[in-house]
file my_file_34.cif (mmCIF, C-alpha atoms)
data_work
#
loop_
_atom_site.group_PDB
_atom_site.id
_atom_site.type_symbol
_atom_site.label_atom_id
_atom_site.label_comp_id
_atom_site.auth_asym_id
_atom_site.auth_seq_id
_atom_site.Cartn_x
_atom_site.Cartn_y
_atom_site.Cartn_z
ATOM 1 C CA MET A 879 -9.952 -0.893 3.712
ATOM 2 C CA ARG A 880 -7.843 -1.539 0.610
ATOM 3 C CA VAL A 881 -6.343 -5.023 0.232
ATOM 4 C CA MET A 882 -4.058 -6.504 -2.394
ATOM 5 C CA GLY A 883 -4.580 -10.204 -3.009
ATOM 6 C CA ILE A 884 -1.815 -12.201 -4.672
ATOM 7 C CA ASP A 885 -2.229 -15.671 -6.190
ATOM 8 C CA CYS A 886 1.290 -17.020 -6.539
ATOM 9 C CA GLY A 887 2.173 -19.192 -9.513
ATOM 10 C CA SER A 888 5.172 -20.123 -11.615
ATOM 11 C CA GLU A 889 3.471 -19.294 -14.941
ATOM 12 C CA TYR A 890 1.119 -16.498 -13.878
ATOM 13 C CA THR A 891 1.076 -14.622 -10.598
ATOM 14 C CA GLY A 892 -2.334 -13.044 -10.257
ATOM 15 C CA TYR A 893 -2.993 -9.829 -8.374
ATOM 16 C CA GLY A 894 -6.050 -7.870 -7.416
ATOM 17 C CA VAL A 895 -6.598 -4.757 -5.349
ATOM 18 C CA VAL A 896 -10.007 -4.545 -3.707
ATOM 19 C CA GLU A 897 -11.392 -1.753 -1.577
ATOM 20 C CA GLU A 898 -14.391 -1.717 0.703
ATOM 21 C CA GLN A 899 -16.323 1.553 0.758
ATOM 22 C CA ASP A 900 -19.690 1.909 2.450
ATOM 23 C CA ARG A 901 -20.044 -1.888 2.615
ATOM 24 C CA GLN A 902 -19.482 -2.131 -1.140
ATOM 25 C CA LEU A 903 -16.562 -3.982 -2.733
ATOM 26 C CA LEU A 904 -14.714 -2.138 -5.500
ATOM 27 C CA CYS A 905 -12.063 -3.521 -7.807
ATOM 28 C CA CYS A 906 -9.209 -0.998 -7.996
ATOM 29 C CA ALA A 907 -6.803 -3.105 -10.086
ATOM 30 C CA MET A 908 -6.437 -6.634 -11.386
ATOM 31 C CA GLY A 909 -4.213 -8.623 -13.669
ATOM 32 C CA ALA A 910 -1.454 -11.178 -13.784
ATOM 33 C CA VAL A 911 2.292 -11.161 -14.098
ATOM 34 C CA LYS A 912 2.925 -13.424 -17.118
ATOM 35 C CA LEU A 913 6.224 -15.244 -16.826
ATOM 36 C CA ARG A 914 8.214 -16.467 -19.807
ATOM 37 C CA ASN A 915 9.231 -20.129 -19.868
ATOM 38 C CA LYS A 916 12.631 -19.276 -21.349
ATOM 39 C CA ASP A 917 13.608 -17.033 -18.404
ATOM 40 C CA SER A 918 15.630 -18.405 -15.522
ATOM 41 C CA MET A 919 13.944 -18.733 -12.148
ATOM 42 C CA ALA A 920 15.992 -15.768 -10.886
ATOM 43 C CA GLN A 921 14.707 -13.617 -13.777
ATOM 44 C CA LYS A 922 11.119 -14.708 -13.105
ATOM 45 C CA LEU A 923 11.417 -13.846 -9.423
ATOM 46 C CA GLN A 924 12.894 -10.440 -10.263
ATOM 47 C CA GLN A 925 10.010 -9.754 -12.660
ATOM 48 C CA ILE A 926 7.421 -10.733 -10.042
ATOM 49 C CA PHE A 927 9.099 -8.557 -7.400
ATOM 50 C CA SER A 928 9.367 -5.539 -9.727
ATOM 51 C CA GLU A 929 5.803 -5.718 -11.012
ATOM 52 C CA LEU A 930 4.221 -6.340 -7.596
ATOM 53 C CA THR A 931 6.270 -3.492 -6.101
ATOM 54 C CA ALA A 932 5.050 -1.143 -8.856
ATOM 55 C CA ILE A 933 1.415 -2.186 -8.304
ATOM 56 C CA ILE A 934 1.772 -1.624 -4.550
ATOM 57 C CA ALA A 935 3.269 1.822 -5.166
ATOM 58 C CA GLU A 936 0.489 2.776 -7.576
ATOM 59 C CA HIS A 937 -2.529 1.467 -5.636
ATOM 60 C CA GLN A 938 -1.354 1.863 -2.015
ATOM 61 C CA PRO A 939 -3.024 -1.140 -0.350
ATOM 62 C CA GLU A 940 -3.076 -1.299 3.446
ATOM 63 C CA LEU A 941 -2.030 -4.943 3.484
ATOM 64 C CA VAL A 942 -1.365 -7.935 1.277
ATOM 65 C CA ALA A 943 -3.194 -11.253 1.481
ATOM 66 C CA ILE A 944 -1.863 -14.415 -0.150
ATOM 67 C CA GLU A 945 -2.842 -18.043 -0.353
ATOM 68 C CA ASP A 946 -1.292 -20.219 2.337
ATOM 69 C CA VAL A 947 0.936 -23.165 1.462
ATOM 70 C CA PHE A 948 -1.040 -26.188 0.392
ATOM 71 C CA TYR A 949 -0.162 -29.803 -0.246
ATOM 72 C CA ALA A 950 1.550 -30.381 -3.593
ATOM 73 C CA VAL A 951 2.254 -33.737 -5.190
ATOM 74 C CA ASN A 952 5.213 -32.470 -7.231
ATOM 75 C CA VAL A 953 8.127 -31.407 -5.015
ATOM 76 C CA LYS A 954 9.723 -29.230 -7.731
ATOM 77 C CA SER A 955 6.479 -27.347 -8.251
ATOM 78 C CA ALA A 956 6.095 -26.854 -4.506
ATOM 79 C CA LEU A 957 9.616 -25.421 -4.259
ATOM 80 C CA LYS A 958 9.014 -23.004 -7.149
ATOM 81 C CA LEU A 959 5.727 -21.913 -5.604
ATOM 82 C CA GLY A 960 7.492 -21.352 -2.297
ATOM 83 C CA GLN A 961 10.033 -19.099 -4.001
ATOM 84 C CA VAL A 962 7.282 -17.060 -5.669
ATOM 85 C CA ARG A 963 5.417 -16.753 -2.352
ATOM 86 C CA GLY A 964 8.610 -15.557 -0.684
ATOM 87 C CA VAL A 965 9.129 -12.879 -3.318
ATOM 88 C CA ALA A 966 5.490 -11.750 -3.004
ATOM 89 C CA MET A 967 5.933 -11.463 0.768
ATOM 90 C CA LEU A 968 9.195 -9.566 0.248
ATOM 91 C CA ALA A 969 7.504 -7.106 -2.117
ATOM 92 C CA ALA A 970 4.849 -6.451 0.537
ATOM 93 C CA SER A 971 7.198 -6.203 3.503
ATOM 94 C CA SER A 972 9.654 -4.027 1.542
ATOM 95 C CA ASN A 973 6.807 -1.541 1.262
ATOM 96 C CA GLY A 974 5.963 -1.763 4.956
ATOM 97 C CA LEU A 975 2.820 -3.829 4.434
ATOM 98 C CA PRO A 976 1.673 -6.674 6.656
ATOM 99 C CA VAL A 977 1.000 -10.019 4.975
ATOM 100 C CA THR A 978 -1.925 -12.273 5.851
ATOM 101 C CA GLU A 979 -2.259 -15.843 4.615
ATOM 102 C CA TYR A 980 -5.446 -17.821 3.961
ATOM 103 C CA SER A 981 -5.987 -21.461 3.089
ATOM 104 C CA PRO A 982 -7.602 -22.299 -0.263
ATOM 105 C CA LEU A 983 -10.568 -23.727 1.662
ATOM 106 C CA SER A 984 -11.041 -20.468 3.614
ATOM 107 C CA ILE A 985 -10.827 -18.369 0.457
ATOM 108 C CA LYS A 986 -13.411 -20.405 -1.429
ATOM 109 C CA SER A 987 -15.698 -20.531 1.615
ATOM 110 C CA ALA A 988 -15.529 -16.755 2.068
ATOM 111 C CA VAL A 989 -16.256 -16.012 -1.586
ATOM 112 C CA VAL A 990 -18.430 -18.874 -2.840
ATOM 113 C CA GLY A 991 -19.750 -20.301 0.426
ATOM 114 C CA TYR A 992 -18.296 -23.727 -0.359
ATOM 115 C CA GLY A 993 -14.666 -24.667 0.308
ATOM 116 C CA ARG A 994 -14.439 -27.150 -2.555
ATOM 117 C CA ALA A 995 -15.775 -24.778 -5.233
ATOM 118 C CA GLU A 996 -14.475 -25.040 -8.801
ATOM 119 C CA LYS A 997 -12.337 -22.283 -10.363
ATOM 120 C CA SER A 998 -15.235 -21.278 -12.623
ATOM 121 C CA GLN A 999 -17.490 -20.808 -9.568
ATOM 122 C CA VAL A 1000 -14.866 -18.575 -7.932
ATOM 123 C CA GLN A 1001 -14.606 -16.514 -11.144
ATOM 124 C CA GLN A 1002 -18.383 -16.094 -11.324
ATOM 125 C CA MET A 1003 -18.731 -15.034 -7.680
ATOM 126 C CA VAL A 1004 -15.812 -12.598 -7.925
ATOM 127 C CA MET A 1005 -17.461 -11.078 -10.992
ATOM 128 C CA ARG A 1006 -20.754 -10.674 -9.114
ATOM 129 C CA LEU A 1007 -19.271 -9.384 -5.857
ATOM 130 C CA LEU A 1008 -17.157 -6.772 -7.656
ATOM 131 C CA HIS A 1009 -19.816 -5.922 -10.282
ATOM 132 C CA LEU A 1010 -17.428 -6.739 -13.139
ATOM 133 C CA PRO A 1011 -18.758 -7.031 -16.709
ATOM 134 C CA ALA A 1012 -17.056 -10.430 -17.233
ATOM 135 C CA PRO A 1013 -15.282 -13.080 -15.178
ATOM 136 C CA PRO A 1014 -11.656 -12.088 -14.518
ATOM 137 C CA GLU A 1015 -9.109 -13.813 -16.746
ATOM 138 C CA PRO A 1016 -6.829 -15.617 -16.301
ATOM 139 C CA ALA A 1017 -8.174 -17.642 -13.382
ATOM 140 C CA ASP A 1018 -5.137 -16.528 -11.347
ATOM 141 C CA THR A 1019 -6.506 -12.969 -11.437
ATOM 142 C CA ALA A 1020 -9.888 -14.131 -10.137
ATOM 143 C CA ASP A 1021 -8.123 -16.110 -7.413
ATOM 144 C CA ALA A 1022 -6.127 -13.037 -6.351
ATOM 145 C CA LEU A 1023 -9.306 -10.961 -6.158
ATOM 146 C CA ALA A 1024 -10.939 -13.781 -4.174
ATOM 147 C CA ILE A 1025 -8.041 -13.719 -1.698
ATOM 148 C CA ALA A 1026 -8.504 -9.965 -1.192
ATOM 149 C CA ILE A 1027 -12.272 -10.401 -0.777
ATOM 150 C CA CYS A 1028 -11.651 -13.204 1.717
ATOM 151 C CA HIS A 1029 -9.534 -10.889 3.848
ATOM 152 C CA ILE A 1030 -12.124 -8.104 3.759
ATOM 153 C CA HIS A 1031 -14.920 -10.512 4.741
ATOM 154 C CA THR A 1032 -12.815 -12.169 7.444
ATOM 155 C CA SER A 1033 -11.729 -8.821 8.857
ATOM 156 C CA ALA A 1034 -15.332 -7.577 8.982
ATOM 157 C CA THR A 1035 -16.426 -10.747 10.802
ATOM 158 C CA LEU A 1036 -13.611 -10.390 13.340
ATOM 159 C CA GLN A 1037 -14.546 -6.732 13.943
ATOM 160 C CA ARG A 1038 -18.178 -7.678 14.585
ATOM 161 C CA TYR A 1039 -17.047 -10.465 16.923
ATOM 162 C CA LYS A 1040 -14.859 -8.026 18.888
ATOM 163 C CA LYS A 1041 -17.775 -5.586 19.277
ATOM 164 C CA VAL A 1042 -20.101 -8.308 20.518
ATOM 165 C CA ARG A 1043 -17.433 -9.639 22.870
ATOM 166 C CA VAL A 1044 -16.771 -6.179 24.319
ATOM 167 C CA GLN A 1045 -20.506 -5.579 24.776
ATOM 168 C CA THR A 1046 -21.039 -8.882 26.582
ATOM 169 C CA THR A 1047 -18.046 -8.405 28.901
ATOM 170 C CA THR A 1048 -19.061 -4.854 29.869
ATOM 171 C CA SER A 1049 -22.708 -5.776 30.477
#
call {"tool": "encode", "arguments": {"input": "my_file_34.cif", "output": "structure tokens"}}
result
Amino acid sequence: MRVMGIDCGSEYTGYGVVEEQDRQLLCCAMGAVKLRNKDSMAQKLQQIFSELTAIIAEHQPELVAIEDVFYAVNVKSALKLGQVRGVAMLAASSNGLPVTEYSPLSIKSAVVGYGRAEKSQVQQMVMRLLHLPAPPEPADTADALAIAICHIHTSATLQRYKKVRVQTTTS
């Protein structure tokens, strides 16, 4: 399974492509789309769409996982984040990929084992799980990788649950 995780942001939009092979997690690609403050929102959204589309074309993930909407104190920031999330979903769906959303609590729980983990803890666990030489930078990149890892772990758990459920209903 190859999953692209996207951490949407108005300054950096992190991305990470993670593959599971023989129960091992491999990092296929990671980075962040750096947005310029001087660009208009329309230009920023176009840049995000173009770069994510190129990454999808190059790395051929099977699906895209993103962070679900969360509570934001600043309404303007929430609206900008919503626009970025929409463009990320459009990039995925334009390439025929399904999109799965996970809450921040679910992502941290799946990767760190604690839903209220700090960003530095997420970076450290992502580094360990993917056997990276250093924590991914910026933090948005680590978050995107964590989102992809969350989907892989969640999917594996659901598959095991389905097998057990089938076995108990046929017995």
call {"tool": "closest_residue", "arguments": {"input": "my_file_34.cif", "among": "A:Pro939, A:Pro1011, A:Pro982, A:Gly991", "to": "Cys906 of chain A", "atoms": "all atoms listed in the file"}}
result
A:Pro939
call {"tool": "atom_distance", "arguments": {"input": "my_file_34.cif", "atom1": "atom CA of Ile1025 of chain A", "atom2": "atom CA of Thr978 of chain A"}}
result
9.8 Å
call {"tool": "residues_around", "arguments": {"input": "my_file_34.cif", "residues": "His937 of chain A", "least_positions_apart": "2", "cutoff": "9 Å", "atoms": "only C-alpha atoms", "output": "PyMOL selection string"}}
result
chain A and resi 880+882+895+906-907+932-935+939
call {"tool": "residues_around", "arguments": {"input": "my_file_34.cif", "residues": "segment 1013-1016 of chain A", "least_positions_apart": "3", "cutoff": "8 Å", "atoms": "only C-alpha atoms", "output": "PyMOL selection string"}}
result
chain A and resi 892+909-910+1001-1002+1004-1005+1010+1019-1020
call {"tool": "write_last_selection", "arguments": {"input": "my_file_34.cif", "atoms": "C-alpha atoms", "output": "compact mmCIF listing (two decimals), in the frame of the given file"}}
result
# COMPACT_ATOMS: atom_id res chain seq x y z
CA GLY A 892 -2.33 -13.04 -10.26
CA GLY A 909 -4.21 -8.62 -13.67
CA ALA A 910 -1.45 -11.18 -13.78
CA GLN A 1001 -14.61 -16.51 -11.14
CA GLN A 1002 -18.38 -16.09 -11.32
CA VAL A 1004 -15.81 -12.60 -7.92
CA MET A 1005 -17.46 -11.08 -10.99
CA LEU A 1010 -17.43 -6.74 -13.14
CA THR A 1019 -6.51 -12.97 -11.44
CA ALA A 1020 -9.89 -14.13 -10.14
call {"tool": "atom_distance", "arguments": {"input": "my_file_34.cif", "atom1": "atom CA of Ser981 of chain A", "atom2": "atom CA of Val947 of chain A"}}
result
7.3 Å
call {"tool": "resolve_selection", "arguments": {"input": "my_file_34.cif", "expression": "the PyMOL selection byres ((chain A and resi 940-943) around 10)", "output": "MDAnalysis selection string"}}
result
chainID A and resid 879:885 893:895 897 934 937:939 944:946 966:967 969:971 973:980 1022:1030
call {"tool": "closest_residue", "arguments": {"input": "my_file_34.cif", "among": "A:Glu889, A:Glu936, A:Asp1021, A:Asp900", "to": "Lys922 of chain A", "atoms": "all atoms listed in the file"}}
result
A:Glu889
call {"tool": "atom_distance", "arguments": {"input": "my_file_34.cif", "atom1": "atom CA of Ser984 of chain A", "atom2": "atom CA of Leu930 of chain A"}}
result
23.6 Å
call {"tool": "residues_around", "arguments": {"input": "my_file_34.cif", "residues": "Gln961 of chain A", "least_positions_apart": "2", "cutoff": "10 Å", "atoms": "all atoms listed in the file", "output": "PyMOL selection string"}}
result
chain A and resi 886-888+919-920+923+955-959+963-967
call {"tool": "closest_residue", "arguments": {"input": "my_file_34.cif", "among": "A:Gln902, A:Asn952, A:Asn915, A:Ser987", "to": "Leu1008 of chain A", "atoms": "only C-alpha atoms"}}
result
A:Gln902
call {"tool": "closest_residue", "arguments": {"input": "my_file_34.cif", "among": "A:Gln924, A:Asp917, A:Lys954, A:Val911", "to": "Leu968 of chain A", "atoms": "only C-alpha atoms"}}
result
A:Gln924
call {"tool": "closest_residue", "arguments": {"input": "my_file_34.cif", "among": "A:Ile926, A:Leu1007, A:Val1000, A:Ile985", "to": "Val896 of chain A", "atoms": "only C-alpha atoms"}}
result
A:Leu1007
call {"tool": "decode", "arguments": {"input": "my_file_34.cif", "residues": "segment 909-963 of chain A", "atoms": "C-alpha atoms", "output": "PDB file, in the first residue's frame"}}
result
ATOM      1  CA  GLY A 909       8.844  17.713   1.681  1.00  0.00           C
ATOM      2  CA  ALA A 910       6.775  20.849   1.867  1.00  0.00           C
ATOM      3  CA  VAL A 911       5.314  23.323  -0.556  1.00  0.00           C
ATOM      4  CA  LYS A 912       6.697  26.672   0.675  1.00  0.00           C
ATOM      5  CA  LEU A 913       4.304  29.511  -0.034  1.00  0.00           C
ATOM      6  CA  ARG A 914       5.395  33.111  -0.470  1.00  0.00           C
ATOM      7  CA  ASN A 915       3.696  35.743   1.685  1.00  0.00           C
ATOM      8  CA  LYS A 916       3.639  38.227  -1.197  1.00  0.00           C
ATOM      9  CA  ASP A 917       1.569  35.921  -3.447  1.00  0.00           C
ATOM     10  CA  SER A 918      -2.192  36.239  -3.596  1.00  0.00           C
ATOM     11  CA  MET A 919      -4.285  33.434  -2.153  1.00  0.00           C
ATOM     12  CA  ALA A 920      -5.221  32.368  -5.699  1.00  0.00           C
ATOM     13  CA  GLN A 921      -1.518  32.089  -6.620  1.00  0.00           C
ATOM     14  CA  LYS A 922      -0.798  30.084  -3.461  1.00  0.00           C
ATOM     15  CA  LEU A 923      -3.639  27.679  -4.192  1.00  0.00           C
ATOM     16  CA  GLN A 924      -2.441  27.238  -7.779  1.00  0.00           C
ATOM     17  CA  GLN A 925       1.081  26.480  -6.535  1.00  0.00           C
ATOM     18  CA  ILE A 926      -0.206  23.905  -4.039  1.00  0.00           C
ATOM     19  CA  PHE A 927      -2.374  22.241  -6.697  1.00  0.00           C
ATOM     20  CA  SER A 928       0.457  22.124  -9.259  1.00  0.00           C
ATOM     21  CA  GLU A 929       3.082  20.771  -6.880  1.00  0.00           C
ATOM     22  CA  LEU A 930       0.805  18.163  -5.277  1.00  0.00           C
ATOM     23  CA  THR A 931      -0.362  17.028  -8.726  1.00  0.00           C
ATOM     24  CA  ALA A 932       3.269  16.603  -9.835  1.00  0.00           C
ATOM     25  CA  ILE A 933       4.126  14.612  -6.687  1.00  0.00           C
ATOM     26  CA  ILE A 934       1.095  12.363  -7.224  1.00  0.00           C
ATOM     27  CA  ALA A 935       2.113  11.784 -10.847  1.00  0.00           C
ATOM     28  CA  GLU A 936       5.692  10.953  -9.876  1.00  0.00           C
ATOM     29  CA  HIS A 937       5.039   8.684  -6.874  1.00  0.00           C
ATOM     30  CA  GLN A 938       1.683   7.104  -7.812  1.00  0.00           C
ATOM     31  CA  PRO A 939       0.042   6.733  -4.384  1.00  0.00           C
ATOM     32  CA  GLU A 940      -3.088   4.597  -4.104  1.00  0.00           C
ATOM     33  CA  LEU A 941      -4.874   7.178  -1.978  1.00  0.00           C
ATOM     34  CA  VAL A 942      -4.424  10.471  -0.182  1.00  0.00           C
ATOM     35  CA  ALA A 943      -4.909  11.015   3.541  1.00  0.00           C
ATOM     36  CA  ILE A 944      -5.296  14.476   5.059  1.00  0.00           C
ATOM     37  CA  GLU A 945      -5.948  15.943   8.463  1.00  0.00           C
ATOM     38  CA  ASP A 946      -9.617  16.515   9.226  1.00  0.00           C
ATOM     39  CA  VAL A 947     -10.958  19.974  10.029  1.00  0.00           C
ATOM     40  CA  PHE A 948     -10.233  21.004  13.579  1.00  0.00           C
ATOM     41  CA  TYR A 949     -11.380  23.858  15.768  1.00  0.00           C
ATOM     42  CA  ALA A 950      -9.637  27.151  15.004  1.00  0.00           C
ATOM     43  CA  VAL A 951      -9.831  30.312  17.074  1.00  0.00           C
ATOM     44  CA  ASN A 952      -9.083  32.626  14.139  1.00  0.00           C
ATOM     45  CA  VAL A 953     -11.861  32.565  11.528  1.00  0.00           C
ATOM     46  CA  LYS A 954      -9.618  33.941   8.748  1.00  0.00           C
ATOM     47  CA  SER A 955      -7.043  31.234   9.365  1.00  0.00           C
ATOM     48  CA  ALA A 956      -9.750  28.573   9.356  1.00  0.00           C
ATOM     49  CA  LEU A 957     -11.071  29.823   6.009  1.00  0.00           C
ATOM     50  CA  LYS A 958      -7.590  29.819   4.446  1.00  0.00           C
ATOM     51  CA  LEU A 959      -6.957  26.321   5.767  1.00  0.00           C
ATOM     52  CA  GLY A 960     -10.273  25.196   4.313  1.00  0.00           C
ATOM     53  CA  GLN A 961      -9.263  26.528   0.901  1.00  0.00           C
ATOM     54  CA  VAL A 962      -5.924  24.702   1.046  1.00  0.00           C
ATOM     55  CA  ARG A 963      -7.665  21.477   2.114  1.00  0.00           C
TER      56      ARG A 963
END
